[in-house]
>>> print(open('target.csv').read())   # CSV, C-alpha atoms and all ligand atoms
chain,number,residue,atom,x,y,z
A,1,MET,CA,0.0,0.0,0.0
A,2,GLN,CA,2.9,2.3,0.7
A,3,SER,CA,4.2,1.8,-2.8
A,4,GLN,CA,1.2,3.8,-4.2
A,5,ARG,CA,2.4,7.0,-2.5
A,6,LYS,CA,5.1,7.4,-5.0
A,7,PHE,CA,2.6,8.0,-7.9
A,8,PRO,CA,1.3,11.5,-8.6
A,9,ARG,CA,-2.3,11.9,-7.7
A,10,THR,CA,-4.7,11.7,-10.6
A,11,PHE,CA,-8.3,12.9,-10.5
A,12,SER,CA,-10.7,12.0,-13.3
A,13,PHE,CA,-14.4,11.9,-14.2
A,14,GLU,CA,-16.2,9.2,-16.2
A,15,PHE,CA,-19.3,9.7,-18.4
A,16,PHE,CA,-21.3,7.4,-20.7
A,17,PRO,CA,-22.2,8.6,-24.2
A,18,PRO,CA,-25.7,10.2,-24.2
A,19,LYS,CA,-28.3,8.8,-26.6
A,20,THR,CA,-30.6,11.8,-27.1
A,21,PRO,CA,-30.1,15.5,-27.9
A,22,ALA,CA,-31.3,16.4,-24.4
A,23,GLY,CA,-28.8,14.0,-22.9
A,24,LYS,CA,-26.0,15.5,-25.0
A,25,GLU,CA,-26.9,19.0,-23.8
A,26,LYS,CA,-27.1,17.9,-20.2
A,27,LEU,CA,-23.7,16.2,-20.5
A,28,ARG,CA,-22.2,19.4,-22.0
A,29,GLU,CA,-23.3,21.3,-19.0
A,30,THR,CA,-21.9,18.6,-16.7
A,31,TRP,CA,-18.4,18.5,-18.2
A,32,LYS,CA,-18.3,22.3,-18.4
A,33,GLN,CA,-19.0,22.4,-14.7
A,34,LEU,CA,-16.7,19.6,-13.8
A,35,GLY,CA,-14.0,21.0,-16.1
A,36,GLN,CA,-13.7,23.9,-13.7
A,37,LEU,CA,-12.3,21.5,-11.1
A,38,LYS,CA,-9.4,20.8,-13.4
A,39,PRO,CA,-9.3,17.0,-13.5
A,40,LYS,CA,-6.4,15.2,-15.1
A,41,PHE,CA,-8.8,13.7,-17.6
A,42,PHE,CA,-12.4,12.8,-18.4
A,43,SER,CA,-13.3,9.3,-19.8
A,44,CYS,CA,-16.2,8.0,-21.8
A,45,THR,CA,-17.5,4.4,-21.7
A,46,TYR,CA,-17.8,2.2,-24.8
A,47,GLY,CA,-20.6,-0.3,-25.4
A,48,ALA,CA,-20.1,-4.0,-26.1
A,49,GLY,CA,-19.3,-4.8,-29.8
A,50,GLY,CA,-18.8,-1.1,-30.5
A,51,SER,CA,-22.5,-0.3,-29.9
A,52,THR,CA,-21.7,3.3,-28.7
A,53,ARG,CA,-18.6,3.7,-30.9
A,54,GLU,CA,-19.8,7.0,-32.5
A,55,GLY,CA,-21.2,8.5,-29.2
A,56,THR,CA,-18.0,7.6,-27.3
A,57,LEU,CA,-15.7,9.3,-29.9
A,58,GLU,CA,-18.0,12.2,-30.4
A,59,THR,CA,-18.2,12.9,-26.6
A,60,VAL,CA,-14.4,12.7,-26.2
A,61,LEU,CA,-13.7,14.9,-29.2
A,62,GLU,CA,-16.1,17.6,-27.9
A,63,ILE,CA,-14.5,17.6,-24.5
A,64,ARG,CA,-11.0,17.7,-26.0
A,65,ALA,CA,-11.9,20.6,-28.3
A,66,ALA,CA,-12.6,22.6,-25.1
A,67,GLY,CA,-9.0,22.0,-24.1
A,68,HIS,CA,-9.4,19.1,-21.6
A,69,GLU,CA,-7.8,15.6,-21.8
A,70,ALA,CA,-10.4,13.0,-22.5
A,71,ALA,CA,-9.9,9.2,-22.9
A,72,PRO,CA,-12.3,7.0,-24.8
A,73,HIS,CA,-12.8,3.5,-23.4
A,74,ILE,CA,-12.6,0.5,-25.8
A,75,SER,CA,-13.9,-3.0,-25.1
A,76,CYS,CA,-13.1,-6.2,-27.0
A,77,VAL,CA,-16.2,-8.3,-26.4
A,78,ALA,CA,-18.2,-9.1,-29.5
A,79,SER,CA,-15.5,-7.4,-31.7
A,80,SER,CA,-13.2,-8.7,-34.3
A,81,ARG,CA,-9.5,-7.8,-34.4
A,82,ALA,CA,-10.2,-5.8,-37.6
A,83,ASP,CA,-12.9,-3.8,-35.9
A,84,LEU,CA,-10.7,-3.0,-32.9
A,85,LYS,CA,-7.7,-2.1,-35.1
A,86,ALA,CA,-9.9,0.3,-37.1
A,87,GLN,CA,-11.2,1.9,-33.9
A,88,LEU,CA,-7.7,2.3,-32.5
A,89,GLU,CA,-6.6,3.9,-35.8
A,90,ARG,CA,-9.6,6.3,-35.5
A,91,TYR,CA,-8.5,7.3,-32.0
A,92,ARG,CA,-4.9,7.7,-33.2
A,93,ALA,CA,-5.9,9.8,-36.2
A,94,HIS,CA,-7.6,12.2,-33.9
A,95,GLY,CA,-4.5,12.5,-31.8
A,96,ILE,CA,-6.0,10.6,-28.8
A,97,ARG,CA,-3.2,9.0,-26.8
A,98,HIS,CA,-5.1,7.8,-23.7
A,99,THR,CA,-7.6,4.9,-23.5
A,100,VAL,CA,-9.3,2.6,-21.0
A,101,ALA,CA,-9.1,-1.0,-22.2
A,102,LEU,CA,-11.8,-3.4,-21.1
A,103,ARG,CA,-13.2,-6.8,-22.0
A,104,GLY,CA,-16.8,-5.5,-21.6
A,105,ASP,CA,-19.9,-7.5,-20.9
A,106,LEU,CA,-22.1,-9.3,-23.4
A,107,PRO,CA,-25.6,-7.9,-23.3
A,108,SER,CA,-28.2,-10.7,-22.9
A,109,GLY,CA,-29.3,-12.0,-26.3
A,110,LEU,CA,-25.9,-11.3,-27.9
A,111,ALA,CA,-24.1,-14.5,-28.8
A,112,ALA,CA,-20.9,-13.5,-30.5
A,113,LEU,CA,-18.0,-13.5,-28.1
A,114,GLY,CA,-15.5,-11.7,-30.3
A,115,GLU,CA,-11.9,-12.7,-31.2
A,116,LEU,CA,-10.2,-11.5,-28.0
A,117,ARG,CA,-11.5,-13.2,-24.8
A,118,TYR,CA,-10.0,-11.1,-22.0
A,119,ALA,CA,-8.8,-7.6,-21.5
A,120,ASN,CA,-5.2,-8.8,-21.2
A,121,GLU,CA,-5.5,-9.9,-24.8
A,122,LEU,CA,-6.9,-6.5,-25.8
A,123,VAL,CA,-4.0,-4.7,-24.0
A,124,ALA,CA,-1.5,-6.9,-25.9
A,125,PHE,CA,-3.3,-6.3,-29.1
A,126,ILE,CA,-3.2,-2.5,-28.6
A,127,ARG,CA,0.6,-2.7,-27.9
A,128,GLU,CA,1.1,-5.0,-30.9
A,129,THR,CA,-0.8,-2.7,-33.3
A,130,THR,CA,0.0,0.8,-32.0
A,131,GLY,CA,3.2,0.3,-29.9
A,132,ASP,CA,3.6,3.0,-27.2
A,133,TRP,CA,1.1,5.4,-28.7
A,134,PHE,CA,-1.5,5.0,-26.0
A,135,TRP,CA,-1.4,5.4,-22.2
A,136,ILE,CA,-3.5,2.4,-21.3
A,137,GLU,CA,-5.7,2.2,-18.2
A,138,VAL,CA,-7.4,-1.1,-17.2
A,139,ALA,CA,-10.0,-2.1,-14.7
A,140,CYS,CA,-9.5,-4.0,-11.4
A,141,TYR,CA,-11.7,-5.2,-8.6
A,142,PRO,CA,-10.8,-4.9,-4.9
A,143,GLU,CA,-14.0,-6.8,-4.0
A,144,TYR,CA,-13.5,-9.3,-6.9
A,145,HIS,CA,-15.1,-9.5,-10.3
A,146,PRO,CA,-18.3,-11.5,-10.4
A,147,GLU,CA,-16.7,-14.2,-12.6
A,148,THR,CA,-13.5,-14.6,-10.6
A,149,ARG,CA,-13.1,-18.0,-9.0
A,150,SER,CA,-10.5,-17.2,-6.3
A,151,ALA,CA,-8.6,-14.3,-4.8
A,152,ALA,CA,-5.4,-15.6,-6.3
A,153,ASP,CA,-7.0,-15.7,-9.8
A,154,GLU,CA,-8.2,-12.1,-9.5
A,155,ILE,CA,-4.6,-10.9,-8.8
A,156,ARG,CA,-3.1,-13.2,-11.5
A,157,ASN,CA,-5.6,-12.0,-14.1
A,158,PHE,CA,-5.1,-8.3,-13.2
A,159,LYS,CA,-1.3,-8.9,-13.4
A,160,ARG,CA,-1.7,-10.3,-16.9
A,161,LYS,CA,-3.0,-6.9,-18.0
A,162,ILE,CA,-0.1,-5.0,-16.5
A,163,ASP,CA,2.4,-7.5,-18.0
A,164,ALA,CA,0.7,-7.0,-21.4
A,165,GLY,CA,1.5,-3.3,-21.2
A,166,ALA,CA,-1.1,-1.4,-19.2
A,167,ASN,CA,0.2,1.7,-17.5
A,168,ALA,CA,-2.4,2.2,-14.7
A,169,ALA,CA,-5.6,0.9,-13.3
A,170,ILE,CA,-9.0,2.2,-12.1
A,171,THR,CA,-10.9,0.1,-9.6
A,172,GLN,CA,-14.6,-0.9,-9.6
A,173,TYR,CA,-16.4,1.1,-7.0
A,174,PHE,CA,-16.5,0.0,-3.4
A,175,TYR,CA,-17.6,1.4,-0.1
A,176,SER,CA,-15.0,-0.5,2.1
A,177,ALA,CA,-11.6,1.2,2.2
A,178,ALA,CA,-10.3,-1.9,3.9
A,179,ALA,CA,-11.0,-4.0,0.8
A,180,TYR,CA,-9.1,-1.5,-1.3
A,181,PHE,CA,-6.0,-1.4,0.9
A,182,ARG,CA,-5.9,-5.2,1.3
A,183,PHE,CA,-6.1,-5.4,-2.5
A,184,LEU,CA,-3.2,-3.0,-2.8
A,185,ASP,CA,-1.1,-5.2,-0.5
A,186,GLU,CA,-1.9,-8.2,-2.6
A,187,CYS,CA,-1.0,-6.4,-5.8
A,188,GLU,CA,2.3,-5.2,-4.2
A,189,ALA,CA,3.1,-8.7,-3.1
A,190,ALA,CA,2.5,-9.9,-6.7
A,191,GLY,CA,4.9,-7.3,-8.1
A,192,ILE,CA,2.2,-5.1,-9.7
A,193,ASP,CA,3.7,-1.6,-9.7
A,194,VAL,CA,1.3,0.8,-11.4
A,195,PRO,CA,-1.1,3.5,-10.0
A,196,ILE,CA,-4.3,1.8,-8.8
A,197,VAL,CA,-6.8,4.6,-8.6
A,198,PRO,CA,-10.0,4.0,-6.6
A,199,GLY,CA,-13.3,4.3,-8.6
A,200,ILE,CA,-15.8,6.3,-6.7
A,201,MET,CA,-19.6,6.0,-7.1
A,202,PRO,CA,-21.5,8.9,-5.4
A,203,ILE,CA,-24.8,7.8,-3.9
A,204,GLY,CA,-27.9,9.6,-5.3
A,205,ASN,CA,-30.4,6.8,-5.8
A,206,PHE,CA,-30.6,3.7,-3.8
A,207,SER,CA,-32.5,1.3,-6.1
A,208,GLN,CA,-30.2,2.2,-9.0
A,209,LEU,CA,-27.1,1.7,-6.9
A,210,ALA,CA,-28.5,-1.7,-5.6
A,211,ARG,CA,-29.1,-2.8,-9.2
A,212,PHE,CA,-25.6,-1.8,-10.4
A,213,SER,CA,-24.0,-3.4,-7.4
A,214,ASP,CA,-25.8,-6.7,-7.9
A,215,ALA,CA,-24.6,-6.8,-11.5
A,216,CYS,CA,-21.0,-5.8,-11.0
A,217,GLY,CA,-20.1,-7.5,-7.7
A,218,ALA,CA,-19.5,-4.3,-5.8
A,219,GLU,CA,-20.7,-4.7,-2.2
A,220,ILE,CA,-23.0,-2.3,-0.5
A,221,PRO,CA,-22.2,-3.1,3.2
A,222,ARG,CA,-25.2,-4.2,5.3
A,223,TRP,CA,-25.1,-1.1,7.5
A,224,LEU,CA,-25.1,1.2,4.5
A,225,ARG,CA,-27.9,-0.7,2.7
A,226,PHE,CA,-30.0,-0.6,5.9
A,227,ARG,CA,-29.5,3.1,6.4
A,228,LEU,CA,-30.2,3.9,2.7
A,229,GLU,CA,-33.3,1.7,2.7
A,230,SER,CA,-34.6,3.4,5.8
A,231,PHE,CA,-34.9,6.7,3.8
A,232,GLY,CA,-37.5,5.1,1.5
A,233,ASP,CA,-38.3,7.7,-1.3
A,234,ASP,CA,-36.7,10.6,0.5
A,235,THR,CA,-34.1,11.4,-2.1
A,236,ALA,CA,-32.8,14.5,-0.3
A,237,SER,CA,-31.9,12.4,2.8
A,238,ILE,CA,-30.3,9.6,0.6
A,239,ARG,CA,-28.2,12.2,-1.1
A,240,ALA,CA,-27.2,14.0,2.1
A,241,PHE,CA,-26.3,10.7,3.9
A,242,GLY,CA,-24.6,9.4,0.7
A,243,LEU,CA,-22.5,12.6,0.5
A,244,ASP,CA,-21.3,12.1,4.1
A,245,VAL,CA,-20.4,8.4,3.5
A,246,VAL,CA,-18.6,8.9,0.2
A,247,THR,CA,-16.7,12.0,1.3
A,248,ALA,CA,-15.5,10.1,4.4
A,249,LEU,CA,-14.5,7.2,2.1
A,250,CYS,CA,-12.5,9.5,-0.2
A,251,ASP,CA,-10.9,11.2,2.7
A,252,GLU,CA,-9.7,7.9,4.1
A,253,LEU,CA,-8.4,6.7,0.8
A,254,LEU,CA,-6.4,9.8,0.0
A,255,SER,CA,-5.1,10.2,3.6
A,256,ASN,CA,-3.7,6.7,3.4
A,257,GLY,CA,-2.0,7.0,0.1
A,258,ALA,CA,-4.5,6.4,-2.7
A,259,PRO,CA,-3.1,7.9,-5.9
A,260,GLY,CA,-6.1,10.0,-6.8
A,261,LEU,CA,-9.8,9.3,-7.4
A,262,HIS,CA,-11.9,8.4,-10.5
A,263,PHE,CA,-15.5,9.4,-10.2
A,264,TYR,CA,-18.3,7.5,-11.9
A,265,THR,CA,-20.4,10.6,-12.4
A,266,LEU,CA,-23.4,9.0,-14.3
A,267,ASN,CA,-23.3,12.3,-16.3
A,268,GLN,CA,-24.2,14.4,-13.3
A,269,ALA,CA,-22.0,17.1,-11.8
A,270,GLY,CA,-23.8,17.9,-8.5
A,271,LEU,CA,-22.7,15.1,-6.1
A,272,THR,CA,-19.2,14.8,-7.5
A,273,THR,CA,-18.7,18.6,-7.2
A,274,THR,CA,-19.9,18.6,-3.6
A,275,ILE,CA,-17.6,15.7,-2.6
A,276,TRP,CA,-14.7,17.5,-4.3
A,277,GLN,CA,-15.4,20.7,-2.4
A,278,ARG,CA,-15.8,18.9,0.9
A,279,LEU,CA,-12.5,17.2,0.4
A,280,GLY,CA,-10.9,20.6,-0.3
A,281,LEU,CA,-9.3,19.4,-3.5
B,1,LIG,P1,-11.0,-8.9,-17.7
B,1,LIG,O1,-9.8,-8.3,-17.1
B,1,LIG,O2,-10.8,-9.7,-19.0
B,1,LIG,O3,-11.6,-9.9,-16.6
B,1,LIG,C1,-12.9,-10.5,-16.8
B,1,LIG,C2,-13.0,-11.7,-15.9
B,1,LIG,O4,-12.2,-12.8,-16.5
B,1,LIG,C3,-12.4,-11.6,-14.5
B,1,LIG,O5,-13.2,-12.5,-13.7
B,1,LIG,C4,-11.0,-12.1,-14.6
B,1,LIG,O6,-10.5,-12.6,-13.4
B,1,LIG,C5,-11.1,-13.2,-15.7
B,1,LIG,N1,-9.9,-13.3,-16.5
B,1,LIG,C6,-9.2,-12.2,-17.0
B,1,LIG,N2,-8.2,-12.7,-17.8
B,1,LIG,C7,-8.3,-14.0,-17.8
B,1,LIG,C8,-7.5,-15.0,-18.4
B,1,LIG,N3,-6.5,-14.7,-19.2
B,1,LIG,N4,-7.9,-16.3,-18.2
B,1,LIG,C9,-9.0,-16.6,-17.4
B,1,LIG,N5,-9.7,-15.7,-16.8
B,1,LIG,C10,-9.4,-14.4,-17.0
B,1,LIG,N6,-17.7,-2.1,-19.6
B,1,LIG,C11,-18.0,-1.7,-20.9
B,1,LIG,O7,-18.7,-2.5,-21.6
B,1,LIG,N7,-17.6,-0.5,-21.3
B,1,LIG,C12,-16.9,0.4,-20.6
B,1,LIG,O8,-16.5,1.4,-21.1
B,1,LIG,C13,-16.5,0.0,-19.3
B,1,LIG,N8,-15.8,0.8,-18.5
B,1,LIG,C14,-15.3,0.3,-17.3
B,1,LIG,C15,-14.4,1.1,-16.5
B,1,LIG,C16,-14.0,0.7,-15.3
B,1,LIG,C17,-13.0,1.6,-14.5
B,1,LIG,C18,-14.4,-0.5,-14.8
B,1,LIG,C19,-14.0,-1.0,-13.4
B,1,LIG,C20,-15.3,-1.3,-15.5
B,1,LIG,C21,-15.8,-0.9,-16.7
B,1,LIG,N9,-16.6,-1.7,-17.5
B,1,LIG,C22,-17.0,-1.3,-18.8
B,1,LIG,C23,-17.1,-3.0,-17.0
B,1,LIG,C24,-16.2,-4.2,-17.5
B,1,LIG,O9,-16.2,-4.3,-18.9
B,1,LIG,C25,-16.7,-5.4,-16.8
B,1,LIG,O10,-16.4,-5.4,-15.4
B,1,LIG,C26,-16.3,-6.7,-17.4
B,1,LIG,O11,-17.1,-7.8,-16.9
B,1,LIG,C27,-14.8,-7.1,-17.2
B,1,LIG,O12,-14.0,-6.3,-17.8
B,1,LIG,P2,-12.4,-6.4,-17.6
B,1,LIG,O13,-11.7,-5.5,-18.6
B,1,LIG,O14,-12.1,-6.1,-16.2
B,1,LIG,O15,-12.1,-7.9,-18.0
>>> encode(input="target.csv", output="structure tokens")
Amino acid sequence: MQSQRKFPRTFSFEFFPPKTPAGKEKLRETWKQLGQLKPKFFSCTYGAGGSTREGTLETVLEIRAAGHEAAPHISCVASSRADLKAQLERYRAHGIRHTVALRGDLPSGLAALGELRYANELVAFIRETTGDWFWIEVACYPEYHPETRSAADEIRNFKRKIDAGANAAITQYFYSAAAYFRFLDECEAAGIDVPIVPGIMPIGNFSQLARFSDACGAEIPRWLRFRLESFGDDTASIRAFGLDVVTALCDELLSNGAPGLHFYTLNQAGLTTTIWQRLGL
């Protein structure tokens, strides 16, 4: 865990590509507001099989045109090598040098797995086709990916991505700082020596958070779930309590050496900005 202190702190904000003109306008307001906080970069997610390809690139280009660094994600599930190569070439042609490389998840009903099975193969493919052009971030899971069979597998599979050439990692969100610090110790013991930035999910809506968490394996601790449930439909209380909890989490992470924070903003500026201000960043 101590080894993370040597990395400069990186703060970043993640969006998803909006589908409607109203969503685009709202996201524009969001990144303009969050841009005032001067993050290191913004990132934009990428749908399985390239389903959001245009929206991801369009979002990133718009943010970059305003002078910010923005990284498109890329995922290999349900994609051919030729598709991925073409997408990487498009990123490169636009001068984009930063990407978040993921396997992605197959939406139900989609059968094609794609030519690359895991994110480590995607990282290797990016290095093979574009050399050192991209700074590559990958995902990791302090509370374990839902498909992982054992703790040892989790670290081994994460290490494969670093060995394939990834430069840094962003974690799945979590609400237990202890899980993150234990994970860092395991990574250090395995010789993983890259920044591992905690992914932070502000709490604005309990049922949405519960749904996401069930799908991605992030744990909502029992005490937190009970407290959030007790507010029922009282959104203001959920947000107020969530702000206290997530600010305290971020504070603990940074005080103990986390190399920055990556916020899953869900295209909203409010909660992230308040947490940022409370942390005095
Ligand atoms: P991998 O690293 O390939 O791991 C997937 C599973 O396979 C794990 O259980 C791992 O232990 C296992 N595994 C890995 N390598 C091997 C191997 N060689 N042999 C055997 N088992 C192996 N999804 C999107 O669709 N688009 C996005 O833009 C997106 N952005 C994300 C950003 C962040 C920061 C995070 C944390 C997640 C994001 N996701 C996104 C979700 C992600 O795609 C899913 O969590 C997906 O299920 C796993 O992706 P991965 O890149 O971690 O996969």
>>> residues_near_ligand(input="target.csv", ligand="ligand LIG 1 (chain B)", cutoff="8 Å", atoms="only C-alpha atoms and all ligand atoms", output="ChimeraX atom specification")
/A:16,44-48,72-75,77,100-106,117-121,138-141,144-149,153-158,160-161,169-173,199,216,262
>>> residues_around(input="target.csv", residues="Gly55 (chain A)", least_positions_apart="4", cutoff="8 Å", atoms="all atoms listed in the file", output="ChimeraX atom specification")
/A:17-19,59
>>> atom_distance(input="target.csv", atom1="CA of Leu279 (chain A)", atom2="CA of Asp251 (chain A)")
6.6 Å
>>> atom_distance(input="target.csv", atom1="CA of Gly232 (chain A)", atom2="CA of Asp244 (chain A)")
17.8 Å
>>> closest_residue(input="target.csv", among="A:Glu115, A:His98, A:Phe125, A:Ala66", to="Ala78 (chain A)", atoms="only C-alpha atoms")
A:Glu115
>>> atom_distance(input="target.csv", atom1="CA of Ile96 (chain A)", atom2="CA of Leu113 (chain A)")
26.9 Å
>>> closest_residue(input="target.csv", among="A:Trp276, A:Glu252, A:Arg239, A:Arg90", to="Glu54 (chain A)", atoms="all atoms listed in the file")
A:Arg90
